[in-house]
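Visitor: upload-v8.txt (compact mmCIF, C-alpha atoms) pasted underneath:
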# COMPACT_ATOMS: atom_id res chain seq x y z
CA MET A 1 -188.80 195.05 -169.04
CA ILE A 2 -188.87 198.16 -171.23
CA GLY A 3 -185.73 200.07 -170.32
CA LEU A 4 -183.29 202.61 -171.63
CA GLU A 5 -181.68 200.33 -174.23
CA GLU A 6 -182.90 199.64 -177.75
CA ARG A 7 -182.11 195.95 -177.32
CA GLY A 8 -185.49 195.80 -175.60
CA LEU A 9 -186.76 195.44 -179.18
CA GLY A 10 -184.59 192.41 -179.91
CA PHE A 11 -187.09 189.74 -178.84
CA PHE A 12 -189.86 191.29 -180.93
CA LYS A 13 -187.75 191.54 -184.09
CA GLU A 14 -187.07 187.79 -184.14
CA LYS A 15 -189.38 185.27 -185.81
CA TRP A 16 -190.07 182.60 -183.21
CA ASP A 17 -191.64 179.19 -183.69
CA PHE A 18 -194.17 179.65 -180.89
CA LYS A 19 -197.36 181.59 -180.23
CA ILE A 20 -197.74 183.95 -177.27
CA ASP A 21 -201.20 184.43 -175.76
CA ASP A 22 -200.40 187.42 -173.55
CA HIS A 23 -197.58 189.88 -172.99
CA ILE A 24 -196.54 191.52 -169.72
CA LEU A 25 -194.33 194.58 -170.10
CA PHE A 26 -192.74 196.05 -166.97
CA ILE A 27 -191.52 199.64 -166.76
CA ASN A 28 -189.53 201.03 -163.83
CA GLN A 29 -191.48 204.07 -162.67
CA GLU A 30 -188.28 206.08 -162.12
CA PHE A 31 -187.64 206.02 -165.89
CA GLU A 32 -191.13 205.84 -167.38
CA ASN A 33 -190.97 209.40 -168.70
CA ASP A 34 -187.47 209.10 -170.14
CA GLN A 35 -187.83 209.65 -173.88
CA ARG A 36 -185.87 206.48 -174.68
CA VAL A 37 -188.35 204.41 -172.67
CA VAL A 38 -191.31 206.25 -174.19
CA ASN A 39 -190.04 205.63 -177.73
CA ILE A 40 -189.40 201.92 -177.21
CA ARG A 41 -192.75 201.48 -175.43
CA ASN A 42 -194.60 203.14 -178.30
CA GLU A 43 -192.76 201.13 -180.95
CA ILE A 44 -193.50 197.82 -179.23
CA ALA A 45 -197.17 198.64 -178.73
CA SER A 46 -197.82 200.04 -182.20
CA LYS A 47 -195.55 197.89 -184.36
CA PHE A 48 -195.25 194.49 -182.70
CA LEU A 49 -198.31 194.07 -180.47
CA GLN A 50 -201.12 195.38 -182.64
CA ALA A 51 -204.26 193.24 -182.18
CA LYS A 52 -202.45 191.21 -179.49
CA LYS A 53 -203.09 190.99 -175.77
CA PHE A 54 -200.63 192.94 -173.64
CA GLN A 55 -200.47 194.84 -170.39
CA PHE A 56 -198.02 197.34 -168.90
CA LEU A 57 -197.13 196.83 -165.25
CA LYS A 58 -195.22 199.24 -163.05
CA ALA A 59 -191.97 198.23 -161.43
CA SER A 60 -189.35 200.18 -159.49
CA TYR A 61 -185.58 200.24 -159.82
CA TYR A 62 -185.16 200.86 -156.08
CA ASP A 63 -188.09 198.85 -154.66
CA PRO A 64 -188.28 195.23 -155.96
CA PHE A 65 -191.48 194.70 -153.97
CA GLU A 66 -193.29 196.83 -156.56
CA ILE A 67 -192.81 194.09 -159.16
CA VAL A 68 -194.09 191.56 -156.61
CA ARG A 69 -197.25 193.56 -155.98
CA GLY A 70 -197.88 194.20 -159.67
CA PHE A 71 -197.32 190.62 -160.80
CA ASN A 72 -199.42 189.14 -157.98
CA ARG A 73 -202.30 191.48 -158.82
CA TYR A 74 -202.02 190.53 -162.47
CA VAL A 75 -202.18 186.80 -161.69
CA PHE A 76 -205.13 187.30 -159.32
CA ASP A 77 -207.11 189.54 -161.70
CA LYS A 78 -206.55 187.22 -164.68
CA LYS A 79 -207.21 184.10 -162.59
CA LEU A 80 -204.23 182.50 -164.27
CA ASP A 81 -203.28 178.88 -163.86
CA ILE A 82 -199.60 179.68 -163.47
CA LYS A 83 -198.28 176.14 -162.99
CA SER A 84 -199.61 174.94 -166.33
CA SER A 85 -198.55 178.07 -168.23
CA LYS A 86 -195.42 178.33 -170.33
CA PHE A 87 -193.39 181.47 -169.69
CA PHE A 88 -190.93 183.27 -171.93
CA LEU A 89 -188.78 185.75 -170.01
CA ASP A 90 -186.72 188.36 -171.86
CA VAL A 91 -184.07 189.32 -169.30
CA SER A 92 -182.22 191.85 -171.48
CA ASN A 93 -183.46 195.08 -169.89
CA PHE A 94 -184.26 193.95 -166.36
CA ASN A 95 -182.23 195.50 -163.57
CA ARG A 96 -180.76 192.59 -161.67
CA GLN A 97 -182.66 193.01 -158.41
CA ASN A 98 -186.02 192.89 -160.22
CA LEU A 99 -184.87 189.99 -162.38
CA LEU A 100 -183.91 187.89 -159.35
CA VAL A 101 -187.17 188.69 -157.54
CA LEU A 102 -189.30 187.89 -160.61
CA MET A 103 -187.50 184.58 -161.12
CA TRP A 104 -188.13 183.76 -157.47
CA LEU A 105 -191.83 184.50 -157.94
CA LEU A 106 -192.10 182.32 -161.02
CA ARG A 107 -190.04 179.35 -159.86
CA LYS A 108 -190.50 179.31 -156.07
CA LYS A 109 -193.86 180.92 -155.31
CA TYR A 110 -195.81 179.89 -158.41
CA CYS A 111 -193.77 176.76 -159.20
CA VAL A 112 -193.64 177.44 -162.94
CA LYS A 113 -192.41 174.30 -164.67
CA SER A 114 -191.72 175.74 -168.13
CA LEU A 115 -189.53 178.85 -168.38
CA ASP A 116 -187.44 179.93 -171.35
CA VAL A 117 -184.99 182.82 -170.94
CA PHE A 118 -184.08 185.19 -173.78
CA TYR A 119 -181.20 187.65 -173.88
CA THR A 120 -180.41 190.23 -176.55
CA VAL A 121 -176.70 190.87 -176.99
CA PRO A 122 -176.14 194.57 -177.81
CA GLY A 123 -173.81 195.71 -180.54
CA LYS A 124 -171.80 197.87 -178.15
CA TYR A 125 -171.58 198.58 -174.41
CA ASN A 126 -170.61 201.85 -172.79
CA PRO A 127 -167.46 200.99 -170.79
CA LYS A 128 -168.41 203.76 -168.33
CA ILE A 129 -171.95 202.56 -167.86
CA SER A 130 -172.47 204.24 -164.48
CA LYS A 131 -170.73 206.51 -162.00
CA GLY A 132 -170.32 206.31 -158.24
CA ALA A 133 -172.26 204.31 -155.69
CA LYS A 134 -174.90 205.49 -153.22
CA GLY A 135 -175.90 202.69 -150.93
CA PHE A 136 -176.85 199.07 -151.21
CA SER A 137 -179.59 196.71 -150.16
CA THR A 138 -180.20 193.00 -149.74
CA ILE A 139 -182.42 191.70 -152.52
CA PRO A 140 -185.79 190.45 -151.19
CA PHE A 141 -186.00 186.66 -150.78
CA PHE A 142 -182.20 186.43 -150.96
CA GLY A 143 -181.33 187.37 -147.38
CA GLY A 144 -179.34 184.23 -146.65
CA ILE A 145 -178.75 182.78 -143.19
CA PHE A 146 -175.78 184.07 -141.23
CA SER A 147 -173.83 182.32 -138.50
CA LYS A 148 -172.03 184.36 -135.84
CA ASP A 149 -169.31 181.72 -135.85
CA LYS A 150 -168.29 182.39 -139.45
CA GLU A 151 -166.46 185.27 -141.12
CA LYS A 152 -167.75 187.04 -144.22
CA LEU A 153 -166.88 186.15 -147.81
CA LEU A 154 -167.80 188.67 -150.51
CA ILE A 155 -168.15 187.27 -154.05
CA LEU A 156 -168.37 189.98 -156.71
CA LEU A 157 -169.47 189.05 -160.23
CA ILE A 158 -167.58 191.74 -162.12
CA GLY A 159 -168.62 193.50 -165.31
CA TYR A 160 -167.14 196.86 -166.32
CA GLU A 161 -167.76 198.90 -163.20
CA ILE A 162 -165.31 199.77 -160.43
CA ASP A 163 -167.15 202.13 -158.07
CA ARG A 164 -169.98 199.84 -157.02
CA PRO A 165 -167.95 196.71 -156.22
CA LEU A 166 -165.39 198.82 -154.33
CA TYR A 167 -168.21 200.42 -152.35
CA LEU A 168 -169.56 196.99 -151.38
CA PHE A 169 -166.10 195.88 -150.27
CA LYS A 170 -165.73 198.94 -148.05
CA VAL A 171 -169.13 198.79 -146.35
CA ILE A 172 -169.36 195.01 -145.92
CA GLU A 173 -165.77 194.64 -144.67
CA PRO A 174 -165.37 190.96 -145.59
CA SER A 175 -162.54 188.74 -144.42
CA LYS A 176 -162.21 187.27 -147.91
CA VAL A 177 -163.05 188.51 -151.42
CA ILE A 178 -163.50 186.56 -154.65
CA LEU A 179 -163.69 188.49 -157.91
CA VAL A 180 -165.47 186.54 -160.65
CA GLN A 181 -164.26 187.41 -164.12
CA GLY A 182 -166.68 186.91 -167.01
CA GLU A 183 -164.82 184.47 -169.19
CA GLU A 184 -166.81 183.27 -172.19
CA PRO A 185 -168.40 186.70 -172.74
CA THR A 186 -171.55 187.32 -174.75
CA ASP A 187 -169.22 188.92 -177.32
CA ALA A 188 -165.43 188.62 -177.58
CA SER A 189 -165.01 192.40 -177.76
CA PHE A 190 -166.42 192.76 -174.21
CA LEU A 191 -163.78 190.57 -172.58
CA GLU A 192 -160.81 192.96 -172.56
CA ARG A 193 -162.70 195.66 -170.64
CA ASN A 194 -163.92 193.07 -168.14
CA ARG A 195 -160.37 191.84 -167.54
CA LYS A 196 -159.19 195.42 -166.99
CA ALA A 197 -161.91 196.01 -164.40
CA VAL A 198 -161.00 192.80 -162.55
CA LYS A 199 -157.31 193.75 -162.62
CA GLU A 200 -158.02 197.24 -161.27
CA LEU A 201 -160.18 195.83 -158.48
CA SER A 202 -157.65 193.15 -157.55
CA ASP A 203 -155.00 195.87 -157.26
CA SER A 204 -157.30 197.79 -154.90
CA ILE A 205 -158.48 194.82 -152.81
CA TYR A 206 -155.41 193.18 -151.32
CA GLY A 207 -155.55 189.39 -151.31
CA ALA A 208 -158.64 189.08 -153.50
CA GLU A 209 -158.91 185.77 -155.32
CA ILE A 210 -159.88 185.71 -159.00
CA LYS A 211 -162.21 183.05 -160.38
CA LYS A 212 -163.75 182.73 -163.83
CA ALA A 213 -167.36 182.02 -164.75
CA PRO A 214 -169.12 182.15 -168.13
CA ALA A 215 -171.08 185.33 -168.79
CA ASP A 216 -172.91 183.99 -171.85
CA ASP A 217 -174.66 180.85 -170.58
CA PRO A 218 -176.59 180.47 -167.30
CA HIS A 219 -176.26 176.67 -167.38
CA LYS A 220 -172.46 176.94 -167.43
CA ALA A 221 -172.38 179.81 -164.94
CA VAL A 222 -174.42 177.93 -162.34
CA GLN A 223 -171.92 175.08 -162.34
CA ILE A 224 -169.01 177.40 -161.48
CA LEU A 225 -170.93 179.46 -158.94
CA ARG A 226 -172.31 176.34 -157.27
CA SER A 227 -168.75 175.05 -156.93
CA ILE A 228 -167.53 178.34 -155.41
CA PHE A 229 -170.40 178.35 -152.91
CA ASN A 230 -169.87 174.74 -151.91
CA GLU A 231 -166.13 175.23 -151.42
CA ASN A 232 -166.65 178.12 -149.00
CA ALA A 233 -170.00 177.54 -147.28
CA HIS A 234 -168.51 175.58 -144.38
CA ASP A 235 -166.14 178.39 -143.35
CA TYR A 236 -167.86 181.61 -144.41
CA ASN A 237 -171.10 183.55 -144.47
CA ILE A 238 -171.36 184.17 -148.21
CA ILE A 239 -172.46 187.51 -149.66
CA THR A 240 -172.54 188.00 -153.41
CA SER A 241 -173.47 190.75 -155.87
CA PRO A 242 -174.29 190.37 -159.60
CA LEU A 243 -172.59 193.08 -161.66
CA ASN A 244 -171.94 191.22 -164.91
CA THR A 245 -174.43 190.06 -167.57
CA LYS A 246 -178.07 189.22 -166.97
CA LEU A 247 -177.35 185.68 -168.18
CA GLN A 248 -174.76 185.29 -165.43
CA THR A 249 -177.37 186.67 -163.01
CA VAL A 250 -179.76 183.91 -164.12
CA GLY A 251 -176.98 181.43 -163.37
CA LEU A 252 -176.57 183.05 -159.95
CA TYR A 253 -180.28 182.64 -159.29
CA LEU A 254 -180.08 178.92 -160.09
CA ALA A 255 -177.05 178.54 -157.79
CA CYS A 256 -178.91 180.33 -154.98
CA GLU A 257 -181.87 177.98 -155.32
CA GLU A 258 -179.49 175.22 -154.24
CA ASN A 259 -177.70 177.44 -151.68
CA PRO A 260 -180.38 179.46 -149.81
CA ASP A 261 -177.85 180.50 -147.16
CA VAL A 262 -176.17 182.84 -149.66
CA GLN A 263 -177.08 186.52 -149.32
CA VAL A 264 -177.41 188.55 -152.53
CA VAL A 265 -176.89 192.32 -152.35
CA TYR A 266 -177.00 195.12 -154.89
CA SER A 267 -175.30 198.51 -154.93
CA PHE A 268 -176.99 201.46 -156.60
CA PRO A 269 -175.03 203.87 -158.82
CA ASP A 270 -175.02 207.62 -158.26
CA LYS A 271 -176.06 208.01 -161.87
CA PHE A 272 -176.08 206.22 -165.20
CA SER A 273 -174.15 207.43 -168.21
CA GLY A 274 -175.88 209.06 -171.15
CA TRP A 275 -176.12 205.70 -172.92
CA LEU A 276 -175.80 202.12 -171.73
CA SER A 277 -175.62 200.08 -174.91
CA LYS A 278 -176.26 200.46 -178.61
CA GLY A 279 -177.58 198.20 -181.31
CA ILE A 280 -178.80 194.62 -181.44
CA GLN A 281 -176.42 191.81 -182.28
CA GLU A 282 -178.29 188.56 -181.61
CA VAL A 283 -180.91 187.03 -179.33
CA LYS A 284 -179.96 183.98 -177.24
CA ARG A 285 -182.46 181.48 -175.87
CA PHE A 286 -182.07 179.10 -172.92
CA LYS A 287 -184.54 176.56 -171.53
CA LEU A 288 -184.45 176.36 -167.73
Translate this file's structure into structure tokens.

Guide:
Amino acid sequence: MIGLEERGLGFFKEKWDFKIDDHILFINQEFENDQRVVNIRNEIASKFLQAKKFQFLKASYYDPFEIVRGFNRYVFDKKLDIKSSKFFLDVSNFNRQNLLVLMWLLRKKYCVKSLDVFYTVPGKYNPKISKGAKGFSTIPFFGGIFSKDKEKLLILLIGYEIDRPLYLFKVIEPSKVILVQGEEPTDASFLERNRKAVKELSDSIYGAEIKKAPADDPHKAVQILRSIFNENAHDYNIITSPLNTKLQTVGLYLACEENPDVQVVYSFPDKFSGWLSKGIQEVKRFKL
């Protein structure tokens, strides 16, 4: 995904020990004319993908079905043998709803057996990354299965933001709330702000429990999230929302594969700040 952050260049600046036959580059249509997106798109195409096969596909920040339509058309037109293909997925700039839907397509619909995930850690995050909240939606393919005999549990995977998780708490009206703090951050400097956000939310949501899950490794995160789901599935309808790192979101996806009753929702901000992150620190790689 080519987004608003320069870390979208991180994957291309590394020297990898593998060859890529084709590149798919998604762009959310709501931001395609933003100069930051235009600049990164042009740099990737002209500097890193010269004489290589690549294709731009439209996506949408607000409509995850757009990425479904675009990817399915791509597979059909190319007549790709998806199951036998090896996929490398750079999750750094994906908005979480599109990331979850794309992973579902690859792993559940197309049964991809070989998928490596890459994540570029930025040099610096904006602690006020977005403002406000203006609605939420259930992410397609993650609708869960609700029982009228159970109460609602809301599990919020907390990053820096306050407005969006508070909004979800108010509109969903759960009987129980678990705030998941991002211990083991992608960078130690990010942890203090995360702890402050969790503390502020716990002061605002009376009785909220605090759990900890790694934010830097999907394999570790899935173990914690799986445990939280299993502990509560008997008594509650579980609703969760990913608001921390994309790597933790990948861990959430893996946990939801094993717990299809869990509903995943996402709250949209009123607006993003002038910048989201700056710089490129390192690129992490995980084999799923």

Visitor: Which residues come within 9 Å of Phe88 (chain A), counting all atoms listed in the file, excluding same-chain residues fewer than 4 positions away, as a list in words?

Guide: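 Everything that qualifies: Ile20, Ser114, Leu115, Asp116, Val117 and Phe118 of chain A.
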
Visitor: Starting from 6 Å padding per side, set up an axis-aligned box that covers all listed atoms of region 29-35 of chain A and hand over centre and edge lengths in Å, one decimal, as AutoDock Vina command-line options.

Guide:
--center_x -189.5 --center_y 206.9 --center_z -168.0 --size_x 16.0 --size_y 17.6 --size_z 23.8

Visitor: Could you name the residues that touch Pro269 (chain A) at 7 Å or less, counting only C-alpha atoms, but leaving out those on the same chain fewer than 4 positions away, as a PyMOL selection string?

Guide: chain A and resi 130-134+164

Visitor: Have a look at A:Tyr167, A:Tyr125, A:Phe76, A:Tyr62 and name the one nearest to Glu30 (chain A); count all atoms listed in the file.

Guide: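 Distance minimum relative to Glu30 (chain A) lands on A:Tyr62.
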
Visitor: Residues within 9 Å of Leu254 (chain A), please, as a list of chain:residue names. Count all atoms listed in the file; anything in the same chain fewer than 4 positions from it doesn't count.

Guide: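 Contacts, in chain order: A:Pro218, A:His219, A:Val222, A:Arg226, A:Thr249, A:Val250, A:Glu258, A:Asn259.
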
Visitor: Go ahead and save the picked residues with C-alpha atoms, as an mmCIF file, in the frame of the given file.

Guide:
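Saved result, selection_23.cif, follows:
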data_model
loop_
_atom_site.group_PDB
_atom_site.id
_atom_site.type_symbol
_atom_site.label_atom_id
_atom_site.label_comp_id
_atom_site.auth_asym_id
_atom_site.auth_seq_id
_atom_site.Cartn_x
_atom_site.Cartn_y
_atom_site.Cartn_z
ATOM 1 C CA PRO A 218 -176.590 180.470 -167.300
ATOM 2 C CA HIS A 219 -176.260 176.670 -167.380
ATOM 3 C CA VAL A 222 -174.420 177.930 -162.340
ATOM 4 C CA ARG A 226 -172.310 176.340 -157.270
ATOM 5 C CA THR A 249 -177.370 186.670 -163.010
ATOM 6 C CA VAL A 250 -179.760 183.910 -164.120
ATOM 7 C CA GLU A 258 -179.490 175.220 -154.240
ATOM 8 C CA ASN A 259 -177.700 177.440 -151.680
#

Visitor: So which one's closest to Phe190 (chain A), A:Asp235, A:Glu209, A:Glu257, A:Asp216? Using all atoms listed in the file, please.

Guide: A:Asp216

Visitor: Within 9 Å of (-172.2, 183.0, -143.9) (coordinates as in the file), grab all the protein and nucleic acid residues, counting all atoms listed in the file, and write them out as a list in words.

Guide: Gly144, Ile145, Phe146, Ser147, Lys148, Asp149, Lys150, Glu151, Lys152, Leu153, Asn232, Ala233, His234, Asp235, Tyr236, Asn237, Ile238, Ile239, Asp261, Val262 and Gln263 of chain A

Visitor: Point out the residue among A:Asn98, A:Gln181, A:Asn42, A:Ser202 with the least atom-to-atom distance to Tyr61 (chain A), counting only C-alpha atoms.

Guide: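 Under the stated criterion, the closest residue is A:Asn98.
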
Visitor: One decimal, in Å: what's the spacing between CA of Glu14 (chain A) and CA of Val37 (chain A)?

Guide: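 Those two atoms sit 20.2 Å apart.
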
Visitor: Have a look at A:Ala51, A:Leu89, A:Ile210, A:Ile40 and name the one nearest to Gly182 (chain A); count all atoms listed in the file.

Guide: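 Closest residue, counting all atoms listed in the file: A:Ile210.
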
Visitor: Name all residues at most 12 Å from Trp16 (chain A) (count all atoms listed in the file; drop same-chain ones fewer than 5 positions away) and give them as number ranges by chain.

Guide: A: 10-11, 88, 118, 283-285

Visitor: By how many Å are CA of Val68 (chain A) and CA of Leu168 (chain A) apart?

Guide: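 Taking CA of Val68 (chain A) as the start and CA of Leu168 (chain A) as the end point, the length is 25.7 Å.
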
Visitor: Just to confirm, what's the straight-line distance from CA of Arg96 (chain A) to CA of Leu225 (chain A) in Å (one decimal)?

Guide: 16.6 Å

Visitor: Identify which of the residues A:Asn93, A:Asn194, A:Ser241, A:Thr138 lies closest to Ser277 (chain A), counting only C-alpha atoms when measuring atom-to-atom distances.

Guide: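 Looking at the shortest contact to Ser277 (chain A), the residue is A:Asn93.
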
Visitor: From the list A:Met1, A:Leu9, A:Ile44, A:Ala208, which residue is nearest Phe26 (chain A) when using only C-alpha atoms?

Guide: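 Under the stated criterion, the closest residue is A:Met1.
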
Visitor: Could you list, as a PDB file with C-alpha atoms, in the coordinates of the input, every residue within 9 Å of Lys113 (chain A), counting only C-alpha atoms and ignoring same-chain residues fewer than 5 positions away?

Guide:
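To be explicit, this is the file written out as selection_38.pdb:
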ATOM      1  CA  LYS A  83    -198.280 176.140-162.990  1.00  0.00           C
ATOM      2  CA  SER A  84    -199.610 174.940-166.330  1.00  0.00           C
ATOM      3  CA  SER A  85    -198.550 178.070-168.230  1.00  0.00           C
ATOM      4  CA  LYS A  86    -195.420 178.330-170.330  1.00  0.00           C
ATOM      5  CA  PHE A  87    -193.390 181.470-169.690  1.00  0.00           C
ATOM      6  CA  LEU A 106    -192.100 182.320-161.020  1.00  0.00           C
ATOM      7  CA  ARG A 107    -190.040 179.350-159.860  1.00  0.00           C
ATOM      8  CA  LEU A 288    -184.450 176.360-167.730  1.00  0.00           C
TER       9      LEU A 288
END

Visitor: Mind listing as a PyMOL selection string all residues within 10 Å of (-188.6, 198.4, -171.5), counting only C-alpha atoms?

Guide: chain A and resi 1-9+25-28+31-32+36-41+44+56+92-94

Visitor: Could region 137-158 of chain A be completed with N, CA, C and O atoms and returned as an mmCIF file, in the frame of the given file?

Guide:
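Contents of the output file selection_3.cif:
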data_model
loop_
_atom_site.group_PDB
_atom_site.id
_atom_site.type_symbol
_atom_site.label_atom_id
_atom_site.label_comp_id
_atom_site.auth_asym_id
_atom_site.auth_seq_id
_atom_site.Cartn_x
_atom_site.Cartn_y
_atom_site.Cartn_z
ATOM 1 N N SER A 137 -178.540 197.393 -150.891
ATOM 2 C CA SER A 137 -179.590 196.710 -150.160
ATOM 3 C C SER A 137 -179.504 195.214 -150.438
ATOM 4 O O SER A 137 -178.942 194.794 -151.449
ATOM 5 N N THR A 138 -180.049 194.435 -149.509
ATOM 6 C CA THR A 138 -180.200 193.000 -149.740
ATOM 7 C C THR A 138 -181.425 192.794 -150.617
ATOM 8 O O THR A 138 -182.463 193.412 -150.410
ATOM 9 N N ILE A 139 -181.308 191.946 -151.620
ATOM 10 C CA ILE A 139 -182.420 191.700 -152.520
ATOM 11 C C ILE A 139 -183.463 190.837 -151.818
ATOM 12 O O ILE A 139 -183.124 189.822 -151.199
ATOM 13 N N PRO A 140 -184.737 191.229 -151.863
ATOM 14 C CA PRO A 140 -185.790 190.450 -151.190
ATOM 15 C C PRO A 140 -185.766 188.989 -151.610
ATOM 16 O O PRO A 140 -185.545 188.663 -152.777
ATOM 17 N N PHE A 141 -185.984 188.112 -150.636
ATOM 18 C CA PHE A 141 -186.000 186.660 -150.780
ATOM 19 C C PHE A 141 -184.605 186.053 -150.919
ATOM 20 O O PHE A 141 -184.473 184.842 -151.107
ATOM 21 N N PHE A 142 -183.574 186.908 -150.843
ATOM 22 C CA PHE A 142 -182.200 186.430 -150.960
ATOM 23 C C PHE A 142 -181.375 186.927 -149.768
ATOM 24 O O PHE A 142 -180.242 187.364 -149.917
ATOM 25 N N GLY A 143 -181.980 186.856 -148.588
ATOM 26 C CA GLY A 143 -181.330 187.370 -147.380
ATOM 27 C C GLY A 143 -180.301 186.448 -146.776
ATOM 28 O O GLY A 143 -179.493 186.865 -145.953
ATOM 29 N N GLY A 144 -180.301 185.171 -147.189
ATOM 30 C CA GLY A 144 -179.340 184.230 -146.650
ATOM 31 C C GLY A 144 -179.577 183.940 -145.174
ATOM 32 O O GLY A 144 -180.516 184.445 -144.556
ATOM 33 N N ILE A 145 -178.718 183.098 -144.619
ATOM 34 C CA ILE A 145 -178.750 182.780 -143.190
ATOM 35 C C ILE A 145 -177.333 182.897 -142.663
ATOM 36 O O ILE A 145 -176.439 182.192 -143.131
ATOM 37 N N PHE A 146 -177.126 183.802 -141.732
ATOM 38 C CA PHE A 146 -175.780 184.070 -141.230
ATOM 39 C C PHE A 146 -175.522 183.354 -139.900
ATOM 40 O O PHE A 146 -176.409 183.237 -139.065
ATOM 41 N N SER A 147 -174.286 182.928 -139.746
ATOM 42 C CA SER A 147 -173.830 182.320 -138.500
ATOM 43 C C SER A 147 -172.810 183.241 -137.840
ATOM 44 O O SER A 147 -171.882 183.723 -138.499
ATOM 45 N N LYS A 148 -172.969 183.491 -136.554
ATOM 46 C CA LYS A 148 -172.030 184.360 -135.840
ATOM 47 C C LYS A 148 -170.661 183.714 -135.686
ATOM 48 O O LYS A 148 -169.689 184.382 -135.329
ATOM 49 N N ASP A 149 -170.579 182.435 -135.989
ATOM 50 C CA ASP A 149 -169.310 181.720 -135.850
ATOM 51 C C ASP A 149 -168.472 181.741 -137.122
ATOM 52 O O ASP A 149 -167.367 181.203 -137.152
ATOM 53 N N LYS A 150 -169.014 182.357 -138.171
ATOM 54 C CA LYS A 150 -168.290 182.390 -139.450
ATOM 55 C C LYS A 150 -167.933 183.822 -139.837
ATOM 56 O O LYS A 150 -168.658 184.771 -139.514
ATOM 57 N N GLU A 151 -166.830 183.968 -140.570
ATOM 58 C CA GLU A 151 -166.460 185.270 -141.120
ATOM 59 C C GLU A 151 -167.184 185.485 -142.450
ATOM 60 O O GLU A 151 -167.859 184.586 -142.972
ATOM 61 N N LYS A 152 -167.031 186.688 -143.000
ATOM 62 C CA LYS A 152 -167.750 187.040 -144.220
ATOM 63 C C LYS A 152 -166.886 186.861 -145.467
ATOM 64 O O LYS A 152 -165.733 187.281 -145.506
ATOM 65 N N LEU A 153 -167.485 186.262 -146.484
ATOM 66 C CA LEU A 153 -166.880 186.150 -147.810
ATOM 67 C C LEU A 153 -167.735 186.956 -148.779
ATOM 68 O O LEU A 153 -168.951 186.747 -148.867
ATOM 69 N N LEU A 154 -167.104 187.874 -149.509
ATOM 70 C CA LEU A 154 -167.800 188.670 -150.510
ATOM 71 C C LEU A 154 -167.397 188.181 -151.900
ATOM 72 O O LEU A 154 -166.221 188.198 -152.255
ATOM 73 N N ILE A 155 -168.382 187.738 -152.680
ATOM 74 C CA ILE A 155 -168.150 187.270 -154.050
ATOM 75 C C ILE A 155 -168.762 188.298 -154.997
ATOM 76 O O ILE A 155 -169.973 188.520 -154.988
ATOM 77 N N LEU A 156 -167.928 188.928 -155.798
ATOM 78 C CA LEU A 156 -168.370 189.980 -156.710
ATOM 79 C C LEU A 156 -168.287 189.483 -158.153
ATOM 80 O O LEU A 156 -167.213 189.117 -158.626
ATOM 81 N N LEU A 157 -169.436 189.443 -158.821
ATOM 82 C CA LEU A 157 -169.470 189.050 -160.230
ATOM 83 C C LEU A 157 -169.240 190.305 -161.060
ATOM 84 O O LEU A 157 -170.136 191.128 -161.217
ATOM 85 N N ILE A 158 -168.035 190.451 -161.585
ATOM 86 C CA ILE A 158 -167.580 191.740 -162.120
ATOM 87 C C ILE A 158 -167.924 191.903 -163.603
ATOM 88 O O ILE A 158 -167.749 190.988 -164.410
#
